[in-house]
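Have a look at coords_25.cif; it's mmCIF, C-alpha atoms and all ligand atoms:
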data_target
#
loop_
_atom_site.label_atom_id
_atom_site.label_comp_id
_atom_site.auth_asym_id
_atom_site.auth_seq_id
_atom_site.Cartn_x
_atom_site.Cartn_y
_atom_site.Cartn_z
CA MET A 18 29.78 7.57 19.06
CA ALA A 19 29.45 7.12 15.32
CA ASN A 20 32.70 7.70 13.41
CA GLU A 21 34.67 6.25 10.46
CA THR A 22 35.12 2.83 12.03
CA HIS A 23 31.96 2.45 14.10
CA MET A 24 28.25 3.04 13.65
CA SER A 25 25.65 3.66 16.32
CA VAL A 26 22.68 1.30 16.15
CA SER A 27 19.41 1.71 18.10
CA VAL A 28 17.70 -1.63 18.62
CA TRP A 29 14.17 -2.16 19.97
CA ARG A 30 14.09 -4.06 23.27
CA GLY A 31 10.85 -5.30 24.81
CA ASP A 32 7.51 -6.26 23.28
CA ALA A 33 4.61 -3.87 22.67
CA VAL A 34 6.15 -1.67 25.38
CA GLY A 35 9.87 -1.16 25.46
CA SER A 36 12.56 1.23 24.28
CA PHE A 37 15.50 1.55 21.92
CA GLN A 38 18.88 0.43 23.23
CA PRO A 39 22.04 1.93 21.68
CA PHE A 40 24.92 -0.28 20.46
CA GLU A 41 28.33 0.48 18.93
CA VAL A 42 29.11 -1.78 15.98
CA LYS A 43 32.24 -1.89 13.84
CA VAL A 44 31.74 -0.92 10.19
CA GLU A 45 32.85 -3.59 7.71
CA ASP A 46 33.29 -3.35 3.95
CA ASN A 47 30.52 -5.80 3.21
CA GLN A 48 27.87 -5.93 5.89
CA THR A 49 24.13 -6.46 5.90
CA VAL A 50 21.68 -5.21 8.52
CA LEU A 51 21.22 -8.84 9.59
CA ASP A 52 25.01 -9.12 10.09
CA VAL A 53 24.80 -6.17 12.49
CA VAL A 54 21.94 -7.72 14.46
CA ALA A 55 23.76 -11.07 14.61
CA TRP A 56 26.97 -9.35 15.77
CA ILE A 57 25.12 -7.60 18.59
CA GLN A 58 23.52 -10.86 19.72
CA GLN A 59 26.82 -12.78 19.58
CA TYR A 60 29.23 -10.19 21.00
CA ALA A 61 27.32 -7.47 22.84
CA ASP A 62 24.10 -8.87 24.30
CA PRO A 63 23.18 -12.57 23.96
CA THR A 64 19.63 -11.89 25.21
CA LEU A 65 18.65 -10.10 21.98
CA SER A 66 15.88 -11.99 20.14
CA TYR A 67 15.45 -11.91 16.37
CA ARG A 68 14.60 -14.33 13.56
CA TYR A 69 16.32 -15.46 10.38
CA ALA A 70 17.07 -18.67 8.53
CA CYS A 71 18.43 -18.61 4.98
CA ARG A 72 20.47 -15.35 4.90
CA VAL A 73 20.01 -15.19 1.12
CA GLY A 74 16.52 -13.76 0.57
CA MET A 75 14.65 -17.04 0.20
CA CYS A 76 12.88 -17.82 3.46
CA GLY A 77 11.24 -14.50 4.31
CA SER A 78 11.88 -14.65 8.05
CA CYS A 79 14.32 -11.75 8.64
CA ALA A 80 12.20 -8.67 7.82
CA MET A 81 12.43 -5.71 10.24
CA MET A 82 11.82 -1.97 10.24
CA VAL A 83 15.11 -0.29 9.36
CA ASN A 84 14.97 3.48 9.92
CA GLY A 85 11.18 3.17 9.80
CA THR A 86 11.05 1.30 6.48
CA PRO A 87 10.25 -2.43 6.24
CA ARG A 88 13.14 -4.37 4.66
CA TRP A 89 14.54 -7.88 4.29
CA THR A 90 17.57 -7.42 6.54
CA CYS A 91 19.68 -10.26 5.11
CA ARG A 92 19.85 -8.53 1.74
CA THR A 93 19.97 -4.92 2.84
CA HIS A 94 23.48 -3.48 2.87
CA VAL A 95 24.33 -1.28 5.82
CA LYS A 96 25.84 1.34 3.50
CA LYS A 97 22.48 1.77 1.81
CA VAL A 98 20.59 2.63 5.01
CA LEU A 99 23.12 4.29 7.33
CA VAL A 100 22.24 7.96 7.99
CA ASP A 101 25.16 9.95 9.47
CA GLY A 102 26.63 6.78 10.92
CA HIS A 103 23.35 5.85 12.61
CA MET A 104 20.58 3.34 12.03
CA GLN A 105 17.46 2.26 13.91
CA ILE A 106 16.20 -1.33 13.88
CA ALA A 107 12.70 -2.21 15.09
CA PRO A 108 10.34 -5.19 14.79
CA LEU A 109 8.07 -5.39 11.75
CA ARG A 110 5.05 -3.08 11.86
CA ASN A 111 1.41 -4.29 11.99
CA LEU A 112 2.26 -7.55 13.79
CA PRO A 113 2.33 -8.34 17.54
CA VAL A 114 5.87 -8.24 18.95
CA ILE A 115 6.95 -11.38 20.80
CA LYS A 116 10.27 -9.99 22.03
CA ASP A 117 12.77 -7.45 20.70
CA LEU A 118 12.95 -7.92 16.91
CA ALA A 119 10.86 -11.09 16.67
CA THR A 120 7.20 -10.62 15.70
CA ASP A 121 4.36 -13.11 15.86
CA MET A 122 3.62 -13.82 12.19
CA ASP A 123 0.53 -15.95 12.87
CA PRO A 124 -1.99 -13.27 11.83
CA PHE A 125 -0.14 -12.88 8.52
CA PHE A 126 -0.21 -16.62 7.77
CA ASP A 127 -3.77 -17.09 9.06
CA LYS A 128 -4.96 -14.50 6.56
CA TRP A 129 -3.11 -16.32 3.79
CA VAL A 130 -5.44 -19.29 4.46
CA ALA A 131 -8.50 -17.08 5.03
CA ALA A 132 -8.03 -15.58 1.55
CA GLU A 133 -8.30 -19.12 0.09
CA GLY A 134 -4.68 -18.97 -1.04
CA VAL A 135 -4.83 -22.75 -1.01
CA HIS A 136 -4.90 -25.33 -3.77
CA HIS A 137 -8.24 -26.70 -5.00
CA PRO A 138 -7.24 -29.62 -7.22
CA THR A 139 -8.81 -30.37 -10.61
CA LEU A 140 -7.25 -33.84 -10.87
CA THR A 141 -6.25 -36.70 -8.60
CA ARG A 142 -2.83 -38.29 -8.21
CA ASN A 143 -3.92 -41.06 -10.59
CA ASP A 144 -4.44 -38.71 -13.53
CA PRO A 145 -1.63 -37.85 -15.95
CA ILE A 146 0.12 -34.52 -15.26
CA GLU A 147 -1.54 -31.67 -17.09
CA ALA A 148 0.64 -29.49 -19.31
CA LEU A 149 0.66 -25.71 -18.76
CA ASP A 150 1.15 -23.08 -21.44
CA PRO A 151 3.52 -20.53 -19.84
CA ALA A 152 2.45 -17.88 -22.37
CA ALA A 153 -1.31 -18.15 -21.69
CA GLU A 154 -2.78 -14.88 -20.40
CA ALA A 155 -4.10 -16.31 -17.13
CA ARG A 156 -0.81 -18.12 -16.52
CA VAL A 157 1.13 -14.87 -16.90
CA GLU A 158 -1.17 -13.22 -14.31
CA SER A 159 -0.77 -16.20 -11.99
CA ALA A 160 3.01 -16.32 -12.38
CA ALA A 161 3.42 -12.61 -11.62
CA GLY A 162 2.95 -13.25 -7.89
CA ILE A 163 4.45 -16.68 -7.30
CA GLU A 164 7.91 -15.50 -6.25
CA CYS A 165 6.45 -14.23 -2.94
CA ILE A 166 8.63 -15.36 -0.01
CA ASN A 167 6.04 -14.56 2.73
CA CYS A 168 8.31 -11.96 4.31
CA SER A 169 5.43 -9.67 5.38
CA VAL A 170 7.29 -6.54 4.26
CA CYS A 171 4.23 -5.49 2.23
CA TYR A 172 1.95 -6.23 5.19
CA ALA A 173 4.10 -3.97 7.37
CA ALA A 174 4.10 -1.20 4.74
CA CYS A 175 0.31 -1.17 4.27
CA ASP A 176 -1.64 1.61 6.03
CA THR A 177 -4.91 -0.20 5.35
CA VAL A 178 -3.70 -3.13 7.46
CA ALA A 179 -2.75 -0.64 10.19
CA ASN A 180 -6.22 0.92 10.12
CA ASN A 181 -8.26 -2.28 9.75
CA PRO A 182 -6.98 -5.35 11.60
CA ASP A 183 -9.39 -7.54 9.59
CA PHE A 184 -7.91 -6.57 6.21
CA LEU A 185 -6.40 -9.68 4.62
CA GLY A 186 -3.45 -7.65 3.37
CA PRO A 187 -1.43 -7.50 0.16
CA ALA A 188 0.44 -10.83 0.27
CA ALA A 189 -2.58 -13.04 1.03
CA LEU A 190 -4.70 -11.29 -1.61
CA GLN A 191 -1.92 -11.58 -4.15
CA ARG A 192 -1.72 -15.32 -3.50
CA ALA A 193 -5.49 -15.56 -3.91
CA TRP A 194 -5.10 -13.87 -7.33
CA SER A 195 -2.38 -16.38 -8.31
CA VAL A 196 -4.61 -19.29 -7.30
CA TYR A 197 -7.62 -17.73 -9.03
CA ASN A 198 -5.75 -17.57 -12.35
CA ASP A 199 -4.24 -21.03 -12.07
CA SER A 200 -5.77 -23.38 -14.65
CA LYS A 201 -5.20 -26.21 -12.17
CA ASN A 202 -7.42 -24.52 -9.60
CA ALA A 203 -10.91 -26.03 -9.51
CA ASP A 204 -12.79 -23.53 -7.33
CA LYS A 205 -12.66 -19.94 -8.55
CA GLN A 206 -15.86 -19.07 -6.72
CA ALA A 207 -14.38 -20.06 -3.34
CA VAL A 208 -11.53 -17.59 -3.94
CA LEU A 209 -13.87 -14.76 -4.97
CA ASP A 210 -16.10 -15.37 -1.95
CA ALA A 211 -13.11 -15.36 0.39
CA VAL A 212 -11.70 -12.07 -0.91
CA SER A 213 -14.96 -10.10 -1.08
CA GLY A 214 -15.91 -10.23 2.61
CA VAL A 215 -15.44 -7.63 5.35
CA GLY A 216 -11.63 -7.68 5.29
CA GLY A 217 -11.43 -8.33 1.56
CA CYS A 218 -9.83 -6.75 -1.48
CA HIS A 219 -12.23 -3.79 -1.61
CA ASN A 220 -10.61 -2.29 1.49
CA CYS A 221 -7.45 -1.51 -0.47
CA HIS A 222 -7.02 2.18 -1.39
CA SER A 223 -4.34 1.51 -4.02
CA GLN A 224 -1.69 3.36 -2.05
CA GLY A 225 0.86 1.02 -3.53
CA SER A 226 3.18 0.89 -0.51
CA CYS A 227 3.18 -2.91 -0.93
CA ALA A 228 4.54 -2.68 -4.47
CA VAL A 229 7.12 -0.02 -3.56
CA HIS A 230 8.60 -2.05 -0.70
CA CYS A 231 8.30 -5.68 -1.84
CA PRO A 232 11.92 -6.88 -1.94
CA ASN A 233 11.14 -9.18 -4.86
CA ALA A 234 9.63 -6.33 -6.88
CA LEU A 235 6.20 -7.97 -6.91
CA ASN A 236 3.08 -5.86 -7.28
CA PRO A 237 0.29 -6.96 -4.89
CA MET A 238 -1.60 -3.76 -5.74
CA ASN A 239 -2.07 -4.98 -9.32
CA ALA A 240 -3.20 -8.39 -8.08
CA ILE A 241 -5.75 -6.74 -5.77
CA ALA A 242 -7.02 -4.59 -8.65
CA GLY A 243 -7.50 -7.83 -10.58
CA LEU A 244 -9.55 -9.29 -7.72
CA LYS A 245 -11.66 -6.11 -7.59
CA ARG A 246 -12.43 -6.45 -11.31
CA GLU A 247 -13.26 -10.15 -11.10
CA THR A 248 -15.43 -9.82 -7.98
CA ALA A 249 -17.37 -7.00 -9.66
CA ARG A 250 -17.80 -8.97 -12.89
CA ASN A 251 -18.94 -11.96 -10.86
CA PHE A 252 -21.44 -9.82 -8.92
CA PHE A 253 -23.18 -8.68 -12.12
CA LYS A 254 -23.01 -12.10 -13.72
CA ARG A 255 -24.71 -13.73 -10.77
CA ARG A 256 -27.54 -11.18 -10.68
CA SER A 257 -28.39 -11.38 -14.40
CA MET B 70 8.24 13.17 10.17
CA ARG B 71 6.77 11.25 7.27
CA ARG B 72 7.48 7.58 7.85
CA GLY B 73 9.86 5.81 5.50
CA TYR B 74 7.23 3.49 4.11
CA ARG B 75 5.09 6.43 2.98
CA ASN B 76 7.79 8.12 0.96
CA HIS B 77 6.41 7.60 -2.54
CA THR B 78 4.16 9.18 -5.13
CA LEU B 79 1.12 6.92 -4.82
CA TRP B 80 0.95 7.54 -1.07
CA VAL B 81 0.97 11.30 -1.63
CA ALA B 82 -1.77 10.84 -4.23
CA TYR B 83 -3.76 8.86 -1.68
CA LEU B 84 -3.33 11.58 0.95
CA LEU B 85 -4.42 14.29 -1.49
CA HIS B 86 -7.46 12.23 -2.45
CA ARG B 87 -8.45 11.63 1.16
CA LEU B 88 -8.01 15.30 2.18
CA SER B 89 -9.80 16.63 -0.89
CA GLY B 90 -12.64 14.12 -0.41
CA VAL B 91 -13.16 15.12 3.21
CA ALA B 92 -12.93 18.84 2.35
CA LEU B 93 -15.54 18.40 -0.38
CA ALA B 94 -17.86 16.54 1.98
CA LEU B 95 -17.63 19.48 4.39
CA PHE B 96 -18.05 22.07 1.65
CA LEU B 97 -20.89 20.65 -0.45
CA PRO B 98 -23.70 21.05 2.13
CA VAL B 99 -22.75 24.72 2.52
CA HIS B 100 -22.63 25.08 -1.24
CA PHE B 101 -26.15 23.71 -1.72
CA TRP B 102 -27.41 25.79 1.19
CA VAL B 103 -26.16 28.96 -0.52
CA LEU B 104 -27.62 27.86 -3.85
CA SER B 105 -30.99 27.31 -2.18
CA TYR B 106 -31.10 31.09 -1.58
CA ALA B 107 -31.47 31.54 -5.34
CA LEU B 108 -34.85 29.81 -5.12
CA ASN B 109 -36.10 31.01 -1.74
CA GLN B 110 -34.50 34.35 -0.93
CA PRO B 111 -32.84 35.87 -4.04
CA GLU B 112 -32.02 39.10 -2.13
CA HIS B 113 -29.89 37.13 0.34
CA LEU B 114 -28.05 35.50 -2.54
CA ASP B 115 -27.17 38.90 -4.00
CA GLY B 116 -25.70 39.89 -0.65
CA PHE B 117 -23.68 36.74 -0.58
CA LEU B 118 -22.47 37.22 -4.12
CA ARG B 119 -21.26 40.76 -3.23
CA TRP B 120 -19.40 39.27 -0.27
CA SER B 121 -17.85 36.64 -2.53
CA GLU B 122 -16.27 39.40 -4.65
CA MET B 123 -13.72 39.89 -1.85
CA GLY B 124 -10.20 38.69 -2.69
CA ILE B 125 -9.87 36.30 0.19
CA VAL B 126 -13.20 34.66 -0.58
CA LYS B 127 -12.27 34.41 -4.25
CA PHE B 128 -9.06 32.72 -3.24
CA ALA B 129 -10.91 30.26 -1.02
CA GLU B 130 -13.22 29.46 -3.93
CA PHE B 131 -10.22 28.83 -6.12
CA GLY B 132 -9.07 26.36 -3.48
CA LEU B 133 -12.40 24.53 -3.55
CA VAL B 134 -12.45 24.27 -7.33
CA PHE B 135 -8.88 23.01 -7.13
CA LEU B 136 -9.92 20.40 -4.56
CA LEU B 137 -12.76 19.23 -6.77
CA ALA B 138 -10.42 19.00 -9.76
CA ALA B 139 -7.80 17.17 -7.72
CA HIS B 140 -10.39 14.75 -6.36
CA LEU B 141 -11.96 14.23 -9.79
CA PHE B 142 -8.67 13.39 -11.46
CA GLY B 143 -7.55 11.37 -8.44
CA GLY B 144 -10.77 9.36 -8.71
CA LEU B 145 -10.41 8.90 -12.47
CA ARG B 146 -6.79 7.86 -11.86
CA LEU B 147 -7.88 5.18 -9.38
CA MET B 148 -10.61 3.93 -11.66
CA ALA B 149 -8.16 3.65 -14.58
CA LEU B 150 -5.59 1.97 -12.34
CA GLU B 151 -7.99 -0.61 -11.03
CA TRP B 152 -10.40 -1.18 -13.88
CA LEU B 153 -8.22 -0.99 -16.96
CA PRO B 154 -5.49 -3.61 -16.74
CA TRP B 155 -3.02 -1.65 -18.85
CA THR B 156 0.72 -1.71 -18.61
CA SER B 157 2.24 1.15 -16.63
CA GLY B 158 3.67 2.66 -19.85
CA GLN B 159 0.21 2.91 -21.36
CA LYS B 160 -1.06 4.48 -18.14
CA THR B 161 1.68 7.09 -18.14
CA ALA B 162 0.84 7.93 -21.74
CA ALA B 163 -2.89 8.17 -20.94
CA ALA B 164 -2.23 10.38 -17.89
CA GLY B 165 0.00 12.61 -20.02
CA ALA B 166 -2.71 12.91 -22.67
CA VAL B 167 -5.32 13.84 -20.04
CA ALA B 168 -3.00 16.41 -18.45
CA ALA B 169 -2.15 17.98 -21.82
CA SER B 170 -5.78 18.18 -22.96
CA THR B 171 -6.86 19.62 -19.59
CA LEU B 172 -4.19 22.29 -19.89
CA ILE B 173 -5.24 23.23 -23.44
CA ALA B 174 -8.95 23.23 -22.55
CA GLY B 175 -8.16 25.29 -19.45
CA VAL B 176 -6.33 27.91 -21.50
CA PHE B 177 -9.32 28.16 -23.88
CA LEU B 178 -11.63 28.59 -20.89
CA MET B 179 -9.47 31.34 -19.40
CA ARG B 180 -9.55 33.25 -22.70
CA ALA B 181 -13.29 32.88 -22.95
CA ILE B 182 -13.99 34.49 -19.54
C1 LIG C 301 -17.88 16.09 -5.35
C2 LIG C 301 -18.20 15.38 -4.33
C3 LIG C 301 -17.32 14.28 -3.82
C4 LIG C 301 -17.09 14.00 -2.51
C5 LIG C 301 -17.66 14.73 -1.33
C6 LIG C 301 -16.19 12.86 -2.44
C7 LIG C 301 -15.71 12.28 -1.27
C8 LIG C 301 -14.88 11.20 -1.19
C9 LIG C 301 -14.26 10.65 0.01
C10 LIG C 301 -14.37 11.20 1.40
C11 LIG C 301 -13.54 9.56 -0.34
C12 LIG C 301 -12.73 8.65 0.59
C13 LIG C 301 -11.28 8.76 0.31
C14 LIG C 301 -10.53 7.51 0.65
O1 LIG C 301 -11.12 6.45 0.86
O2 LIG C 301 -9.31 7.56 0.71
C15 LIG C 301 -13.72 9.40 -1.75
C16 LIG C 301 -13.17 8.39 -2.46
C17 LIG C 301 -13.28 8.28 -3.80
N1 LIG C 301 -13.84 9.20 -4.67
FE1 LIG C 301 -14.83 10.85 -4.19
N2 LIG C 301 -15.91 12.47 -3.71
C18 LIG C 301 -16.58 13.32 -4.59
C19 LIG C 301 -16.53 13.29 -5.95
C20 LIG C 301 -15.89 12.33 -6.67
C21 LIG C 301 -15.79 12.31 -8.11
C22 LIG C 301 -16.36 13.37 -9.04
C23 LIG C 301 -15.09 11.17 -8.42
C24 LIG C 301 -14.66 10.54 -9.71
C25 LIG C 301 -14.70 11.01 -10.90
C26 LIG C 301 -14.77 10.50 -7.19
C27 LIG C 301 -14.11 9.30 -7.11
C28 LIG C 301 -13.70 8.69 -5.94
C29 LIG C 301 -13.03 7.40 -5.87
C30 LIG C 301 -12.66 6.48 -7.04
C31 LIG C 301 -12.76 7.13 -4.51
C32 LIG C 301 -12.06 5.91 -3.91
C33 LIG C 301 -10.74 6.36 -3.31
C34 LIG C 301 -10.00 5.32 -2.53
O3 LIG C 301 -10.23 4.11 -2.64
O4 LIG C 301 -9.14 5.75 -1.74
N3 LIG C 301 -15.25 11.22 -6.14
N4 LIG C 301 -14.52 10.41 -2.25
S1 LIG C 302 -2.09 -1.01 -2.51
FE1 LIG C 302 -3.63 -1.84 -1.10
S2 LIG C 302 -2.69 -3.64 -0.22
FE2 LIG C 302 -1.02 -2.43 -1.15
S3 LIG C 302 -0.24 -1.17 0.53
FE3 LIG C 302 -1.83 -0.03 -0.50
S4 LIG C 302 -3.74 -0.40 0.60
FE4 LIG C 302 -2.24 -1.96 1.19
S1 LIG C 303 4.53 -9.81 -1.77
FE1 LIG C 303 6.68 -9.23 -1.55
S2 LIG C 303 6.75 -8.05 0.35
FE2 LIG C 303 4.84 -9.20 0.37
S3 LIG C 303 5.28 -11.07 1.49
FE3 LIG C 303 5.57 -11.51 -0.71
S4 LIG C 303 7.74 -11.15 -1.11
FE4 LIG C 303 7.27 -10.18 0.86
S1 LIG C 304 17.05 -14.69 6.28
FE1 LIG C 304 15.82 -15.67 4.74
S2 LIG C 304 15.04 -13.97 3.64
FE2 LIG C 304 16.40 -13.01 5.02
#
Please, can you express the file's structure as structure tokens?
Ligand code: HEM
Ligand code: SF4
Ligand code: SF4
Ligand code: FES
Amino acid sequence: MANETHMSVSVWRGDAVGSFQPFEVKVEDNQTVLDVVAWIQQYADPTLSYRYACRVGMCGSCAMMVNGTPRWTCRTHVKKVLVDGHMQIAPLRNLPVIKDLATDMDPFFDKWVAAEGVHHPTLTRNDPIEALDPAAEARVESAAGIECINCSVCYAACDTVANNPDFLGPAALQRAWSVYNDSKNADKQAVLDAVSGVGGCHNCHSQGSCAVHCPNALNPMNAIAGLKRETARNFFKRRS
Amino acid sequence: MRRGYRNHTLWVAYLLHRLSGVALALFLPVHFWVLSYALNQPEHLDGFLRWSEMGIVKFAEFGLVFLLAAHLFGGLRLMALEWLPWTSGQKTAAAGAVAASTLIAGVFLMRAI
């Protein structure tokens, strides 16, 4: 039972089918949601599966649904999310569950590549390094999204992903926008073509759940709006 | 229960836009059908107009006009959001200006009728 010294934690067990299993965990002064999951695995049930690496908000591997909201668990304090001494932890939404709290992130990363979020070089290794102007307008747009840690929190928050499995999703489209605005990127057209297909940027309804939940306070919705403008401009340019 | 990840203003705006859009799509065919009476069977239209004097019908019409207004401003909001790369401060100011002018124009309209 939840009281002053202990909290009750419901943890998802299983894959696509399964159920929540209750655990009693001691409340500490400083404790993250990931600490709680790790404690359960180490002291209560060693068969619990979950994923993490850096514990400091860099690697993007620890995201889970905490009380129904996608969060990076290594930097979410228990005190912030506990409701009446209780919390529920589930695997990330919109991704296939491998086991318990570990999801298969392949679809998320595959879409990153499908959105042409890849480098198209303008120079070779034999050329001198090109200087960048950090204040240039396109550079500012490009830089706005580069702190993405691939955690898939935005992907889990997006209802458009839930309704359309082909939708590339906020993170991949944001990376495409960063690449598009990079002066060292040689193939703008490849990016625009990749993001204007069936699952492309025009699926987004600007709900903004991605921007609300991104733990790094990035705004994929803005990046997607940028892609919508540039694809439209490109459409009219190519016809005239 | 509304899920945690939907607990924010833009999601509510999205829901309102979707519901008002669907409601308008259902309503508009009926609306044009009634209007067609004016051309084909004016006496039927008069009957309908008498019926529409009833309070409950008036209230339903208010709802439809409200839906159209909500959808119109929701649509303008989206178009501003996506097509005008302004800062969020500028957008708040613009939204405030639109709201204020709508209110003032609305008051003038109410006094006129
Ligand atoms: C009066 C008849 C109208 C009907 C029946 C209608 C219907 C709809 C429907 C069903 C949607 C889909 C909602 C969604 O995707 O979430 C939609 C979206 C939209 N409507 Fe309308 N609409 C009407 C008028 C307008 C007007 C007057 C405007 C703008 C001034 C407008 C702007 C938009 C925009 C921008 C969207 C995209 C919303 C999104 O991406 O979610 N619509 N409309
Ligand atoms: S703004 Fe677009 S990408 Fe972001 S959560 Fe909403 S629908 Fe998904
Ligand atoms: S945009 Fe934000 S929420 Fe989405 S993957 Fe990158 S860091 Fe995570
Ligand atoms: S464990 Fe690396 S971001 Fe949380």
>> Just to confirm, what's the straight-line distance from CA of Gln206 (chain A) to atom O1 of ligand LIG 301 (chain C) in Å (one decimal)?
In response: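 That distance, rounded to one decimal, is 27.0 Å.
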>> Within 7 Å of ligand LIG 303 (chain C) (counting only C-alpha atoms and all ligand atoms), which residues show up? I'd like them as an MDAnalysis selection string.
In response: chainID A and resid 77 164:172 187:188 227 230:237
> Within 9 Å of Asp123 (chain A), counting all atoms listed in the file, which residues qualify if same-chain residues fewer than 4 places away don't, as a ChimeraX atom specification?
Replying inline: /A:112,127-128
Quick one: what's the axis-aligned box for region 115-134 of chain B, all listed atoms, 4 Å on every side, centre and edges in Å to one decimal, as AutoDock Vina command-line options?
--center_x -18.1 --center_y 32.5 --center_z -3.6 --size_x 26.1 --size_y 24.5 --size_z 15.5
> Using only C-alpha atoms, which residue out of B:Ala162, B:Leu93, B:Leu147, B:Ala174 lies closest to chain A?
Replying inline: B:Leu147
>> Only residues of chain B matter here; which ones have an atom within 12 Å of chain A, counting only C-alpha atoms? Give them as a ChimeraX atom specification.
In response: /B:70-87,143-144,146-157
Each residue of chain A with at least one atom at most 9 Å from ligand LIG 304 (chain C) should appear once, together with its nearest atom pair and the corresponding distance in Å (one decimal); atoms considered: all atoms listed in the file; ordering: chain, then increasing residue number; output as a Markdown table.
| residue | atom | partner | partner_atom | distance |
| --- | --- | --- | --- | --- |
| A:Leu51 | CA | C:LIG304 | FE2 | 7.8 |
| A:Arg68 | CA | C:LIG304 | S1 | 7.7 |
| A:Tyr69 | CA | C:LIG304 | S1 | 4.2 |
| A:Ala70 | CA | C:LIG304 | S1 | 4.6 |
| A:Cys71 | CA | C:LIG304 | FE1 | 3.9 |
| A:Arg72 | CA | C:LIG304 | S1 | 3.7 |
| A:Val73 | CA | C:LIG304 | FE1 | 5.6 |
| A:Gly74 | CA | C:LIG304 | S2 | 3.4 |
| A:Met75 | CA | C:LIG304 | S2 | 4.6 |
| A:Cys76 | CA | C:LIG304 | FE1 | 3.9 |
| A:Gly77 | CA | C:LIG304 | S2 | 3.9 |
| A:Ser78 | CA | C:LIG304 | FE1 | 5.2 |
| A:Cys79 | CA | C:LIG304 | FE2 | 4.4 |
| A:Ala80 | CA | C:LIG304 | FE2 | 6.7 |
| A:Trp89 | CA | C:LIG304 | FE2 | 5.5 |
| A:Thr90 | CA | C:LIG304 | FE2 | 5.9 |
| A:Cys91 | CA | C:LIG304 | FE2 | 4.3 |
| A:Arg92 | CA | C:LIG304 | FE2 | 6.5 |
| A:Ile166 | CA | C:LIG304 | S2 | 7.5 |
| A:Cys168 | CA | C:LIG304 | S2 | 7.1 |
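CA of Val212 (chain A) to atom N4 of ligand LIG 301 (chain C) spans 22.7 Å [interatomic distance, one decimal].
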> What gap, in Å, lies between CA of Asp204 (chain A) and CA of Ala160 (chain A)?
Replying inline: 18.1 Å
>> With all atoms listed in the file as the counted atoms, please give the residues lying no more than 12 Å from Asp150 (chain A), apart from itself and same-chain residues fewer than 2 positions off, as a list in words.
In response: Glu147, Ala148, Ala152, Ala153, Glu154, Ala155, Arg156, Val157, Ser159, Ala160, Asp199, Ser200 and Lys201 of chain A
>> Can you pull out the residues contacting region 180-186 of chain A? Cut-off 8 Å, using all atoms listed in the file, and skip same-chain residues under 6 positions away; I want them as a list in words.
In response: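 Contacts, with the query itself left out: Lys128, Trp129, Ala131, Ala132, Tyr172, Val215, Gly216, Gly217, Cys218 and Asn220 of chain A.
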> Could you pull the residues within 6 Å of region 38-46 of chain A, counting only C-alpha atoms, minus those fewer than 6 positions along the same chain, as a PyMOL selection string?
Replying inline: chain A and resi 22-28
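Candidate residues B:His113, B:His100, B:Lys127, B:His140 were compared for distance to ligand LIG 301 (chain C), and the nearest is B:His140, using only C-alpha atoms and all ligand atoms.
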> Of the candidates A:Glu133, A:Ala161, A:Thr139, A:Pro124, which one gets nearest to Asp210 (chain A) if we count all atoms listed in the file?
Replying inline: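 Of A:Glu133, A:Ala161, A:Thr139, A:Pro124, the one nearest Asp210 (chain A), counting all atoms listed in the file, is A:Glu133.
Nearest to Ala92 (chain B) of all the residues B:Ala166, B:Ile125, B:Leu136, B:Leu114 is B:Leu136, based on all atoms listed in the file.
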>> At a cut-off of 12 Å, using only C-alpha atoms, what residues contact Trp102 (chain B)? Leave out same-chain residues fewer than 5 positions from it and give the result as a PyMOL selection string.
In response: chain B and resi 96-97+107-110+113-114+117
>> Restricting the calculation to all atoms listed in the file: of A:Leu190, A:Met122, A:Val100, A:Ala61, which residue gets closest to ligand LIG 302 (chain C)?
In response: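 Counting all atoms listed in the file, the residue closest to ligand LIG 302 (chain C) is A:Leu190.
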> Hey, which of A:Val178, A:Val114, A:Cys221, A:Leu209 ends up closest to ligand LIG 301 (chain C)? Count all atoms listed in the file.
Replying inline: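 Once distances to ligand LIG 301 (chain C) are computed over all atoms listed in the file, the minimum belongs to A:Cys221.
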